[in-house]
file input_13.pdb (PDB, C-alpha atoms and all ligand atoms)
MODEL        1
ATOM      1  CA  MET F   1      63.687  64.434 145.224
ATOM      2  CA  LYS F   2      64.987  62.435 142.319
ATOM      3  CA  ARG F   3      62.249  63.705 140.068
ATOM      4  CA  ALA F   4      62.792  67.317 141.182
ATOM      5  CA  GLY F   5      66.509  66.952 140.482
ATOM      6  CA  PHE F   6      65.802  65.534 137.028
ATOM      7  CA  LEU F   7      63.456  68.415 136.293
ATOM      8  CA  LEU F   8      66.055  70.901 137.422
ATOM      9  CA  ILE F   9      68.606  69.369 135.062
ATOM     10  CA  CYS F  10      66.054  69.509 132.249
ATOM     11  CA  VAL F  11      65.318  73.167 132.931
ATOM     12  CA  PHE F  12      69.041  73.922 133.122
ATOM     13  CA  GLU F  13      69.677  72.133 129.828
ATOM     14  CA  MET F  14      66.800  73.924 128.147
ATOM     15  CA  MET F  15      68.220  77.238 129.341
ATOM     16  CA  CYS F  16      71.614  76.309 127.956
ATOM     17  CA  LEU F  17      70.113  75.239 124.646
ATOM     18  CA  GLY F  18      68.093  78.441 124.599
ATOM     19  CA  LEU F  19      71.210  80.509 125.163
ATOM     20  CA  MET F  20      73.032  78.594 122.464
ATOM     21  CA  ALA F  21      70.194  79.229 120.046
ATOM     22  CA  GLN F  22      70.345  82.937 120.828
ATOM     23  CA  ALA F  23      74.097  83.179 120.309
ATOM     24  CA  PRO F  24      75.211  80.668 117.690
ATOM     25  CA  LYS F  25      78.966  80.333 117.467
ATOM     26  CA  VAL F  26      80.236  82.308 114.490
ATOM     27  CA  ASP F  27      82.700  80.457 112.279
ATOM     28  CA  ARG F  28      85.130  83.345 111.947
ATOM     29  CA  GLN F  29      87.642  83.175 109.120
ATOM     30  CA  VAL F  30      90.420  85.569 108.160
ATOM     31  CA  ALA F  31      93.000  85.895 105.402
ATOM     32  CA  VAL F  32      96.252  87.635 106.375
ATOM     33  CA  THR F  33      97.935  90.018 103.920
ATOM     34  CA  ILE F  34     101.226  91.873 104.405
ATOM     35  CA  ASP F  35     102.083  95.037 102.444
ATOM     36  CA  ASP F  36     105.146  97.091 101.529
ATOM     37  CA  LEU F  37     107.573  94.230 100.810
ATOM     38  CA  PRO F  38     110.404  93.719 101.204
ATOM     39  CA  SER F  39     109.828  96.077 104.173
ATOM     40  CA  GLY F  40     108.043  99.316 104.940
ATOM     41  CA  MET F  41     111.332 100.581 106.394
ATOM     42  CA  ALA F  42     113.392  99.395 103.403
ATOM     43  CA  ASP F  43     114.852 102.874 102.846
ATOM     44  CA  LYS F  44     116.348 102.918 106.345
ATOM     45  CA  LEU F  45     117.235  99.276 106.923
ATOM     46  CA  PRO F  46     120.336  97.594 105.514
ATOM     47  CA  ALA F  47     119.684  94.508 103.381
ATOM     48  CA  ALA F  48     120.951  92.174 106.138
ATOM     49  CA  ASP F  49     118.285  93.522 108.537
ATOM     50  CA  ILE F  50     115.605  93.066 105.879
ATOM     51  CA  THR F  51     116.718  89.449 105.375
ATOM     52  CA  ALA F  52     116.669  88.827 109.134
ATOM     53  CA  LEU F  53     113.215  90.317 109.670
ATOM     54  CA  THR F  54     111.842  88.448 106.652
ATOM     55  CA  ALA F  55     113.197  85.118 107.943
ATOM     56  CA  LYS F  56     111.715  85.712 111.396
ATOM     57  CA  LEU F  57     108.322  86.830 110.090
ATOM     58  CA  LEU F  58     107.992  83.988 107.602
ATOM     59  CA  GLY F  59     109.289  81.416 110.087
ATOM     60  CA  THR F  60     106.448  82.189 112.509
ATOM     61  CA  LEU F  61     103.813  82.205 109.779
ATOM     62  CA  ARG F  62     105.058  78.922 108.331
ATOM     63  CA  ASP F  63     105.256  77.257 111.771
ATOM     64  CA  GLN F  64     101.690  78.346 112.514
ATOM     65  CA  LYS F  65     100.481  77.296 109.037
ATOM     66  CA  ILE F  66      99.027  80.727 108.269
ATOM     67  CA  PRO F  67      98.622  81.377 104.533
ATOM     68  CA  VAL F  68      99.717  84.888 103.520
ATOM     69  CA  VAL F  69      99.929  87.027 100.400
ATOM     70  CA  GLY F  70     102.707  89.653 100.535
ATOM     71  CA  PHE F  71     102.386  92.788  98.408
ATOM     72  CA  VAL F  72     105.554  94.161  96.818
ATOM     73  CA  ASN F  73     106.891  97.634  96.020
ATOM     74  CA  GLU F  74     109.796  96.792  93.713
ATOM     75  CA  LYS F  75     111.248 100.300  94.047
ATOM     76  CA  LYS F  76     112.382  99.248  97.532
ATOM     77  CA  LEU F  77     114.734  96.693  95.928
ATOM     78  CA  TYR F  78     116.934  99.313  94.319
ATOM     79  CA  LYS F  79     119.613 100.366  96.761
ATOM     80  CA  PRO F  80     123.173 100.411  95.364
ATOM     81  CA  GLY F  81     125.140  97.317  96.352
ATOM     82  CA  GLN F  82     122.116  95.665  98.004
ATOM     83  CA  VAL F  83     119.864  94.777  95.088
ATOM     84  CA  ASP F  84     120.732  91.061  94.997
ATOM     85  CA  GLU F  85     120.179  90.568  98.737
ATOM     86  CA  ARG F  86     116.917  92.513  98.673
ATOM     87  CA  ILE F  87     115.659  90.375  95.776
ATOM     88  CA  LYS F  88     116.652  87.282  97.754
ATOM     89  CA  ALA F  89     114.512  88.501 100.678
ATOM     90  CA  LEU F  90     111.576  88.620  98.267
ATOM     91  CA  GLN F  91     112.471  85.190  96.932
ATOM     92  CA  MET F  92     112.228  83.857 100.506
ATOM     93  CA  TRP F  93     108.472  84.514 100.516
ATOM     94  CA  LEU F  94     108.055  82.099  97.617
ATOM     95  CA  ASP F  95     110.568  79.573  98.949
ATOM     96  CA  TYR F  96     108.646  79.471 102.257
ATOM     97  CA  GLY F  97     105.467  78.702 100.306
ATOM     98  CA  PHE F  98     103.796  82.129 100.383
ATOM     99  CA  GLU F  99     102.387  84.136  97.490
ATOM    100  CA  LEU F 100     103.326  87.599  96.211
ATOM    101  CA  GLY F 101     101.075  90.310  94.836
ATOM    102  CA  ASN F 102     101.554  93.753  93.285
ATOM    103  CA  HIS F 103     101.427  96.918  95.429
ATOM    104  CA  THR F 104     102.727  99.083  92.517
ATOM    105  CA  TYR F 105     106.399  99.847  91.878
ATOM    106  CA  ALA F 106     106.680 103.090  93.858
ATOM    107  CA  HIS F 107     103.706 102.852  96.238
ATOM    108  CA  SER F 108     101.788 105.390  94.128
ATOM    109  CA  SER F 109      98.403 106.690  95.177
ATOM    110  CA  LEU F 110      95.802 106.479  92.414
ATOM    111  CA  ASN F 111      94.241 109.578  93.995
ATOM    112  CA  GLN F 112      97.473 111.544  93.719
ATOM    113  CA  VAL F 113      99.240 110.542  90.496
ATOM    114  CA  GLY F 114      96.256 110.057  88.163
ATOM    115  CA  LEU F 115      95.134 107.027  86.183
ATOM    116  CA  LYS F 116      97.763 106.877  83.416
ATOM    117  CA  ALA F 117     100.784 107.243  85.720
ATOM    118  CA  TRP F 118      99.247 104.804  88.200
ATOM    119  CA  GLU F 119      98.694 102.158  85.522
ATOM    120  CA  GLU F 120     102.332 102.548  84.465
ATOM    121  CA  ASP F 121     103.383 102.083  88.089
ATOM    122  CA  VAL F 122     101.365  98.846  88.267
ATOM    123  CA  ILE F 123     103.111  97.518  85.146
ATOM    124  CA  ARG F 124     106.544  98.611  86.385
ATOM    125  CA  GLY F 125     105.861  96.761  89.634
ATOM    126  CA  GLU F 126     105.677  93.416  87.823
ATOM    127  CA  THR F 127     109.231  93.057  86.499
ATOM    128  CA  VAL F 128     111.227  91.294  89.214
ATOM    129  CA  THR F 129     108.336  89.718  91.100
ATOM    130  CA  ASN F 130     106.850  87.979  88.071
ATOM    131  CA  MET F 131     110.337  86.753  87.133
ATOM    132  CA  LEU F 132     110.706  85.203  90.621
ATOM    133  CA  MET F 133     107.199  83.802  90.499
ATOM    134  CA  ALA F 134     107.786  82.207  87.098
ATOM    135  CA  THR F 135     110.420  79.967  88.711
ATOM    136  CA  HIS F 136     107.580  78.695  90.940
ATOM    137  CA  LYS F 137     105.245  78.455  87.917
ATOM    138  CA  MET F 138     103.166  81.313  89.332
ATOM    139  CA  LYS F 139     102.129  84.762  88.130
ATOM    140  CA  MET F 140     100.929  87.693  90.221
ATOM    141  CA  ARG F 141      97.137  87.655  90.437
ATOM    142  CA  TYR F 142      96.341  90.150  93.221
ATOM    143  CA  LEU F 143      96.757  93.909  93.463
ATOM    144  CA  ARG F 144      96.537  95.999  96.619
ATOM    145  CA  HIS F 145      95.999  99.747  96.158
ATOM    146  CA  PRO F 146      98.661 101.793  98.013
ATOM    147  CA  TYR F 147      97.055 103.837 100.840
ATOM    148  CA  LEU F 148      93.854 101.915  99.886
ATOM    149  CA  ASP F 149      93.281 104.812  97.462
ATOM    150  CA  THR F 150      90.868 103.404  94.887
ATOM    151  CA  GLY F 151      90.095 106.682  93.052
ATOM    152  CA  ARG F 152      88.606 110.060  93.903
ATOM    153  CA  ASP F 153      85.849 109.722  91.286
ATOM    154  CA  LEU F 154      83.845 106.757  90.081
ATOM    155  CA  GLN F 155      85.005 106.954  86.468
ATOM    156  CA  THR F 156      88.687 106.733  87.502
ATOM    157  CA  ARG F 157      87.875 103.941  89.914
ATOM    158  CA  ARG F 158      86.038 101.882  87.290
ATOM    159  CA  GLU F 159      88.666 102.513  84.593
ATOM    160  CA  ALA F 160      91.433 101.395  86.954
ATOM    161  CA  GLU F 161      89.403  98.274  87.801
ATOM    162  CA  ALA F 162      88.900  97.468  84.112
ATOM    163  CA  PHE F 163      92.645  97.919  83.509
ATOM    164  CA  LEU F 164      93.472  95.566  86.394
ATOM    165  CA  THR F 165      91.006  92.921  85.216
ATOM    166  CA  GLN F 166      92.387  93.099  81.695
ATOM    167  CA  ARG F 167      95.925  92.624  83.092
ATOM    168  CA  GLY F 168      94.829  89.542  85.025
ATOM    169  CA  TYR F 169      94.543  91.032  88.525
ATOM    170  CA  ARG F 170      91.955  90.624  91.199
ATOM    171  CA  ILE F 171      91.809  93.552  93.642
ATOM    172  CA  ALA F 172      92.728  92.550  97.198
ATOM    173  CA  PRO F 173      90.308  94.427  99.486
ATOM    174  CA  ILE F 174      90.789  94.661 103.260
ATOM    175  CA  THR F 175      88.263  94.600 106.100
ATOM    176  CA  LEU F 176      90.467  94.545 109.240
ATOM    177  CA  ASP F 177      93.101  97.259 109.705
ATOM    178  CA  GLY F 178      94.684  98.228 113.030
ATOM    179  CA  TRP F 179      97.209 100.674 111.496
ATOM    180  CA  ASP F 180     100.142  98.465 112.470
ATOM    181  CA  TRP F 181     102.479 100.643 110.379
ATOM    182  CA  MET F 182     101.923 103.463 112.851
ATOM    183  CA  PHE F 183     103.103 101.295 115.786
ATOM    184  CA  ALA F 184     105.879  99.800 113.621
ATOM    185  CA  GLY F 185     107.653 103.125 113.121
ATOM    186  CA  LEU F 186     107.860 103.769 116.858
ATOM    187  CA  TYR F 187     108.883 100.186 117.544
ATOM    188  CA  GLU F 188     111.710 100.422 115.012
ATOM    189  CA  ASP F 189     113.075 103.509 116.765
ATOM    190  CA  ALA F 190     112.727 101.982 120.250
ATOM    191  CA  LYS F 191     114.420  98.790 119.069
ATOM    192  CA  ALA F 192     117.305 100.719 117.505
ATOM    193  CA  ARG F 193     117.829 102.534 120.840
ATOM    194  CA  ASN F 194     117.454  99.315 122.876
ATOM    195  CA  ASP F 195     114.572 100.864 124.792
ATOM    196  CA  THR F 196     112.906  97.627 125.869
ATOM    197  CA  ASP F 197     110.378  99.315 128.189
ATOM    198  CA  LEU F 198     109.044 101.394 125.330
ATOM    199  CA  GLN F 199     109.045  98.379 123.001
ATOM    200  CA  GLN F 200     106.857  96.496 125.492
ATOM    201  CA  LYS F 201     104.529  99.461 125.892
ATOM    202  CA  ILE F 202     104.140  99.747 122.104
ATOM    203  CA  VAL F 203     103.478  96.000 121.692
ATOM    204  CA  LYS F 204     100.851  96.021 124.451
ATOM    205  CA  GLU F 205      99.058  98.947 122.821
ATOM    206  CA  TYR F 206      99.340  97.424 119.329
ATOM    207  CA  LEU F 207      97.747  94.181 120.536
ATOM    208  CA  SER F 208      94.949  95.826 122.514
ATOM    209  CA  TYR F 209      94.130  98.286 119.726
ATOM    210  CA  HIS F 210      93.903  95.434 117.199
ATOM    211  CA  ASP F 211      91.686  93.525 119.649
ATOM    212  CA  ALA F 212      89.322  96.529 119.800
ATOM    213  CA  VAL F 213      89.391  96.985 116.013
ATOM    214  CA  PHE F 214      88.493  93.321 115.434
ATOM    215  CA  ALA F 215      85.533  93.578 117.857
ATOM    216  CA  TYR F 216      84.337  96.802 116.217
ATOM    217  CA  ASP F 217      84.632  95.381 112.686
ATOM    218  CA  GLU F 218      82.743  92.231 113.683
ATOM    219  CA  GLN F 219      79.800  94.384 114.801
ATOM    220  CA  LEU F 220      80.051  96.678 111.780
ATOM    221  CA  SER F 221      80.059  93.589 109.526
ATOM    222  CA  VAL F 222      76.693  92.456 110.872
ATOM    223  CA  LYS F 223      75.229  95.957 110.507
ATOM    224  CA  VAL F 224      76.474  96.391 106.940
ATOM    225  CA  VAL F 225      76.737  92.898 105.422
ATOM    226  CA  GLY F 226      74.158  91.124 107.605
ATOM    227  CA  TYR F 227      76.746  88.605 108.803
ATOM    228  CA  GLU F 228      80.492  88.427 109.428
ATOM    229  CA  PRO F 229      82.095  87.782 106.052
ATOM    230  CA  LYS F 230      85.436  86.077 105.618
ATOM    231  CA  GLN F 231      87.649  88.951 106.750
ATOM    232  CA  ILE F 232      90.907  90.180 105.205
ATOM    233  CA  LEU F 233      93.526  91.640 107.564
ATOM    234  CA  LEU F 234      96.030  94.304 106.470
ATOM    235  CA  LEU F 235      99.510  94.242 108.029
ATOM    236  CA  HIS F 236     102.922  95.577 106.959
ATOM    237  CA  ALA F 237     106.371  93.980 106.742
ATOM    238  CA  SER F 238     108.287  95.389 109.722
ATOM    239  CA  ASN F 239     110.359  94.403 112.733
ATOM    240  CA  LEU F 240     107.239  94.821 114.875
ATOM    241  CA  GLU F 241     105.470  92.101 112.887
ATOM    242  CA  ALA F 242     108.609  89.962 112.657
ATOM    243  CA  ASP F 243     108.936  90.013 116.463
ATOM    244  CA  HIS F 244     105.258  89.903 117.488
ATOM    245  CA  ILE F 245     102.969  88.620 114.720
ATOM    246  CA  GLY F 246     102.473  85.369 116.675
ATOM    247  CA  GLU F 247     100.894  87.308 119.554
ATOM    248  CA  LEU F 248      98.645  89.160 117.122
ATOM    249  CA  MET F 249      97.557  85.850 115.591
ATOM    250  CA  ASP F 250      96.693  84.730 119.153
ATOM    251  CA  VAL F 251      94.385  87.753 119.473
ATOM    252  CA  LEU F 252      92.607  86.571 116.305
ATOM    253  CA  ARG F 253      92.410  83.024 117.693
ATOM    254  CA  LYS F 254      90.816  84.376 120.887
ATOM    255  CA  HIS F 255      88.137  85.951 118.689
ATOM    256  CA  GLY F 256      87.562  82.485 117.234
ATOM    257  CA  TYR F 257      89.187  83.017 113.840
ATOM    258  CA  ARG F 258      90.739  80.337 111.699
ATOM    259  CA  PHE F 259      93.152  81.230 108.943
ATOM    260  CA  ILE F 260      92.273  80.899 105.263
ATOM    261  CA  THR F 261      93.833  81.936 101.946
ATOM    262  CA  LEU F 262      93.033  85.246 100.284
ATOM    263  CA  GLY F 263      91.446  83.251  97.441
ATOM    264  CA  ASP F 264      89.097  81.541  99.906
ATOM    265  CA  ALA F 265      88.167  84.856 101.519
ATOM    266  CA  LEU F 266      87.333  86.416  98.164
ATOM    267  CA  GLU F 267      84.782  83.689  97.488
ATOM    268  CA  ASP F 268      82.588  85.281 100.141
ATOM    269  CA  PRO F 269      79.625  86.966  98.381
ATOM    270  CA  ALA F 270      80.277  90.102 100.465
ATOM    271  CA  TYR F 271      83.104  90.978  98.071
ATOM    272  CA  SER F 272      80.526  91.328  95.266
ATOM    273  CA  LEU F 273      78.343  93.787  97.212
ATOM    274  CA  PRO F 274      77.542  97.122  95.557
ATOM    275  CA  ASP F 275      80.484  99.479  96.120
ATOM    276  CA  THR F 276      80.470 103.008  94.779
ATOM    277  CA  TYR F 277      82.828 104.459  97.392
ATOM    278  CA  VAL F 278      85.046 107.290  96.176
ATOM    279  CA  GLY F 279      87.036 109.748  98.249
ATOM    280  CA  GLU F 280      90.317 111.461  98.965
ATOM    281  CA  GLU F 281      91.015 109.085 101.846
ATOM    282  CA  GLY F 282      91.416 105.384 101.207
ATOM    283  CA  THR F 283      89.617 103.128 103.661
ATOM    284  CA  GLY F 284      88.568  99.516 104.247
ATOM    285  CA  TRP F 285      85.802  97.719 102.411
ATOM    286  CA  LEU F 286      83.399  97.592 105.374
ATOM    287  CA  ASP F 287      83.417 101.411 105.153
ATOM    288  CA  HIS F 288      82.986 101.177 101.345
ATOM    289  CA  TRP F 289      79.864  99.049 101.693
ATOM    290  CA  ALA F 290      78.460 101.078 104.599
ATOM    291  CA  ILE F 291      78.886 104.399 102.779
ATOM    292  CA  THR F 292      77.425 102.888  99.574
ATOM    293  CA  GLN F 293      74.351 101.983 101.661
ATOM    294  CA  GLY F 294      74.180 105.541 103.012
ATOM    295  CA  LYS F 295      75.276 104.434 106.485
ATOM    296  CA  ILE F 296      77.949 106.365 108.369
ATOM    297  CA  PRO F 297      80.165 103.962 110.353
ATOM    298  CA  GLN F 298      80.292 105.142 113.951
ATOM    299  CA  GLY F 299      81.973 104.157 117.192
ATOM    300  CA  ALA F 300      85.329 103.035 115.783
ATOM    301  CA  PRO F 301      87.915 102.609 118.556
ATOM    302  CA  LYS F 302      90.039 105.703 118.957
ATOM    303  CA  PHE F 303      93.645 105.307 117.881
ATOM    304  CA  PRO F 304      95.894 105.832 120.948
ATOM    305  CA  GLU F 305      96.792 109.511 121.112
ATOM    306  CA  TRP F 306     100.231 108.985 122.657
ATOM    307  CA  VAL F 307     101.286 106.870 119.657
ATOM    308  CA  ILE F 308     100.269 109.630 117.236
ATOM    309  CA  GLN F 309     102.001 112.237 119.384
ATOM    310  CA  ARG F 310     105.203 110.253 119.690
ATOM    311  CA  ALA F 311     105.280 109.476 115.963
ATOM    312  CA  ARG F 312     104.919 113.183 115.262
ATOM    313  CA  GLU F 313     107.759 114.080 117.653
ATOM    314  CA  LEU F 314     109.999 111.412 116.170
ATOM    315  CA  HIS F 315     109.263 112.619 112.662
ATOM    316  CA  GLN F 316     110.149 116.164 113.634
ATOM    317  CA  SER F 317     113.360 115.267 115.467
ATOM    318  CA  THR F 318     114.801 112.662 113.097
ATOM    319  CA  GLY F 319     112.599 112.483 110.031
ATOM    320  CA  GLN F 320     112.578 108.742 110.677
ATOM    321  CA  VAL F 321     108.929 107.993 111.117
ATOM    322  CA  SER F 322     106.316 109.396 108.826
ATOM    323  CA  ALA F 323     103.417 111.026 110.651
ATOM    324  CA  GLU F 324     101.360 110.474 107.502
ATOM    325  CA  PRO F 325      99.819 107.151 106.569
ATOM    326  CA  THR F 326     102.346 105.029 104.704
ATOM    327  CA  GLN F 327     100.130 102.034 104.116
TER     328      GLN F 327
HETATM  329 ZN    ZN B   1     101.451 100.092 101.341
ENDMDL
END
call {"tool": "encode", "arguments": {"input": "input_13.pdb", "output": "structure tokens"}}
result
Amino acid sequence: MKRAGFLLICVFEMMCLGLMAQAPKVDRQVAVTIDDLPSGMADKLPAADITALTAKLLGTLRDQKIPVVGFVNEKKLYKPGQVDERIKALQMWLDYGFELGNHTYAHSSLNQVGLKAWEEDVIRGETVTNMLMATHKMKMRYLRHPYLDTGRDLQTRREAEAFLTQRGYRIAPITLDGWDWMFAGLYEDAKARNDTDLQQKIVKEYLSYHDAVFAYDEQLSVKVVGYEPKQILLLHASNLEADHIGELMDVLRKHGYRFITLGDALEDPAYSLPDTYVGEEGTGWLDHWAITQGKIPQGAPKFPEWVIQRARELHQSTGQVSAEPTQ
């Protein structure tokens, strides 16, 4: 009996080892980036609200020791009587120990405004932010393309890249994107109307959609890159993130991610893969690499229809929430 029991344990252990060999634990890593600073809703929100949401957002990220780069649109600073407070909200990012990057002055699409105007918008977007960063002995080193629009033809794309390199920028790609800005617009409206039921419904959907997007992108990574590279997540500065980013970070933790800096993520060789993507619609870098390889990404989780519908209705009734991508 003893011997049989020992054998059973051996067989069981071998099975376990076999299973482990088949499914090695992936060391998932992610860098978090937040766009449209000081806030995607800066046109609608008073400076005091922007300060409050910034403090809440950064407080959570600092408590959880999550490194973040925030990408600025300086145009959002210029509201009569509020400029100083809006600049202070930006300053908070640096005071809390985070880094700032350039997202152009006016959130211009390279695909829409053309190369020359876009380059001017990049330069114009440096004024205040680089002044703030100089007090921390830093200088902006990352640029995020508004709408992820990297050029509708390869010549424009390459010329813009050469311009950015010459100006000391590294492009900040993204690989994980759950369209949080789309949920954020609805959340803002529900919050303003004190509709807590709707807020909860939006948050639940935002978390589960991101969960599905992460799972999809992990599989797409293996198909396109051959492994899961150090991922880069795109989020936007909003009350939704200020109130719930901790729960979203928990979703990442459940997937096994640990948090790294954008600089660390960019050391992954994946970010040097051939990339000749051009198109009217900006998209993430997993799509760039897939399309460059002649693969058509398929099976992406469907964005919840009721969120699109509600955003459209809200846009029509109040003009408050854009039904078009604002990332
Ligand atoms: Zn943006």
call {"tool": "atom_distance", "arguments": {"input": "input_13.pdb", "atom1": "CA of Pro304 (chain F)", "atom2": "CA of Leu198 (chain F)"}}
result
14.6 Å
call {"tool": "resolve_selection", "arguments": {"input": "input_13.pdb", "expression": "the PyMOL selection byres (((chain F and resi 106) around 7) and not hetatm)", "output": "ChimeraX atom specification"}}
result
/F:73,75,104-105,107-108,121
call {"tool": "atom_distance", "arguments": {"input": "input_13.pdb", "atom1": "atom ZN of ligand ZN 1 (chain B)", "atom2": "CA of Leu220 (chain F)"}}
result
24.1 Å
call {"tool": "resolve_selection", "arguments": {"input": "input_13.pdb", "expression": "the PyMOL selection byres (((chain F and resi 145) around 8) and not hetatm)", "output": "number ranges by chain"}}
result
F: 103-104, 109-110, 143-144, 146-150, 171-172
call {"tool": "residues_around", "arguments": {"input": "input_13.pdb", "residues": "Ala160 (chain F)", "least_positions_apart": "2", "cutoff": "9 Å", "atoms": "all atoms listed in the file", "output": "ChimeraX atom specification"}}
result
/F:110,115,118-119,150-151,155-158,162-165
call {"tool": "atom_distance", "arguments": {"input": "input_13.pdb", "atom1": "CA of Asp195 (chain F)", "atom2": "CA of Phe183 (chain F)"}}
result
14.6 Å
call {"tool": "residues_around", "arguments": {"input": "input_13.pdb", "residues": "Ile291 (chain F)", "least_positions_apart": "4", "cutoff": "10 Å", "atoms": "all atoms listed in the file", "output": "PyMOL selection string"}}
result
chain F and resi 224+275-278+285-287+295-297
call {"tool": "write_last_selection", "arguments": {"input": "input_13.pdb", "atoms": "C-alpha atoms", "output": "PDB file, keeping the file's coordinate frame"}}
result
ATOM      1  CA  VAL F 224      76.474  96.391 106.940  1.00  0.00           C
ATOM      2  CA  ASP F 275      80.484  99.479  96.120  1.00  0.00           C
ATOM      3  CA  THR F 276      80.470 103.008  94.779  1.00  0.00           C
ATOM      4  CA  TYR F 277      82.828 104.459  97.392  1.00  0.00           C
ATOM      5  CA  VAL F 278      85.046 107.290  96.176  1.00  0.00           C
ATOM      6  CA  TRP F 285      85.802  97.719 102.411  1.00  0.00           C
ATOM      7  CA  LEU F 286      83.399  97.592 105.374  1.00  0.00           C
ATOM      8  CA  ASP F 287      83.417 101.411 105.153  1.00  0.00           C
ATOM      9  CA  LYS F 295      75.276 104.434 106.485  1.00  0.00           C
ATOM     10  CA  ILE F 296      77.949 106.365 108.369  1.00  0.00           C
ATOM     11  CA  PRO F 297      80.165 103.962 110.353  1.00  0.00           C
TER      12      PRO F 297
END
call {"tool": "closest_residue", "arguments": {"input": "input_13.pdb", "among": "F:Leu94, F:Leu266, F:Tyr169, F:Asp189", "to": "Lys137 (chain F)", "atoms": "only C-alpha atoms"}}
result
F:Leu94
call {"tool": "build_atoms", "arguments": {"input": "input_13.pdb", "residues": "region 124-137 of chain F", "atoms": "N, CA, C and O atoms", "output": "mmCIF file, in the coordinates of the input"}}
result
data_model
loop_
_atom_site.group_PDB
_atom_site.id
_atom_site.type_symbol
_atom_site.label_atom_id
_atom_site.label_comp_id
_atom_site.auth_asym_id
_atom_site.auth_seq_id
_atom_site.Cartn_x
_atom_site.Cartn_y
_atom_site.Cartn_z
ATOM 1 N N ARG F 124 105.139 98.575 85.967
ATOM 2 C CA ARG F 124 106.544 98.611 86.385
ATOM 3 C C ARG F 124 106.790 97.741 87.614
ATOM 4 O O ARG F 124 107.893 97.245 87.822
ATOM 5 N N GLY F 125 105.742 97.565 88.412
ATOM 6 C CA GLY F 125 105.861 96.761 89.634
ATOM 7 C C GLY F 125 105.847 95.259 89.393
ATOM 8 O O GLY F 125 105.894 94.471 90.347
ATOM 9 N N GLU F 126 105.787 94.855 88.125
ATOM 10 C CA GLU F 126 105.677 93.416 87.823
ATOM 11 C C GLU F 126 107.012 92.756 87.508
ATOM 12 O O GLU F 126 107.133 91.532 87.574
ATOM 13 N N THR F 127 108.014 93.570 87.138
ATOM 14 C CA THR F 127 109.231 93.057 86.499
ATOM 15 C C THR F 127 109.918 91.933 87.273
ATOM 16 O O THR F 127 109.993 90.803 86.801
ATOM 17 N N VAL F 128 110.432 92.265 88.454
ATOM 18 C CA VAL F 128 111.227 91.294 89.214
ATOM 19 C C VAL F 128 110.322 90.219 89.828
ATOM 20 O O VAL F 128 110.630 89.027 89.784
ATOM 21 N N THR F 129 109.207 90.655 90.375
ATOM 22 C CA THR F 129 108.336 89.718 91.100
ATOM 23 C C THR F 129 107.803 88.622 90.181
ATOM 24 O O THR F 129 107.820 87.444 90.544
ATOM 25 N N ASN F 130 107.358 89.011 88.986
ATOM 26 C CA ASN F 130 106.850 87.979 88.071
ATOM 27 C C ASN F 130 107.968 87.055 87.595
ATOM 28 O O ASN F 130 107.727 85.869 87.343
ATOM 29 N N MET F 131 109.191 87.598 87.502
ATOM 30 C CA MET F 131 110.337 86.753 87.133
ATOM 31 C C MET F 131 110.573 85.698 88.233
ATOM 32 O O MET F 131 110.765 84.516 87.947
ATOM 33 N N LEU F 132 110.525 86.140 89.497
ATOM 34 C CA LEU F 132 110.706 85.203 90.621
ATOM 35 C C LEU F 132 109.558 84.197 90.652
ATOM 36 O O LEU F 132 109.764 83.003 90.894
ATOM 37 N N MET F 133 108.364 84.683 90.413
ATOM 38 C CA MET F 133 107.199 83.802 90.499
ATOM 39 C C MET F 133 107.200 82.765 89.382
ATOM 40 O O MET F 133 106.733 81.637 89.579
ATOM 41 N N ALA F 134 107.741 83.151 88.228
ATOM 42 C CA ALA F 134 107.786 82.207 87.098
ATOM 43 C C ALA F 134 108.592 80.960 87.467
ATOM 44 O O ALA F 134 108.261 79.854 87.025
ATOM 45 N N THR F 135 109.621 81.135 88.301
ATOM 46 C CA THR F 135 110.420 79.967 88.711
ATOM 47 C C THR F 135 109.597 79.025 89.596
ATOM 48 O O THR F 135 109.962 77.868 89.787
ATOM 49 N N HIS F 136 108.507 79.535 90.153
ATOM 50 C CA HIS F 136 107.580 78.695 90.940
ATOM 51 C C HIS F 136 106.312 78.408 90.133
ATOM 52 O O HIS F 136 105.293 78.036 90.708
ATOM 53 N N LYS F 137 106.396 78.653 88.829
ATOM 54 C CA LYS F 137 105.245 78.455 87.917
ATOM 55 C C LYS F 137 104.006 79.229 88.385
ATOM 56 O O LYS F 137 102.870 78.757 88.335
#
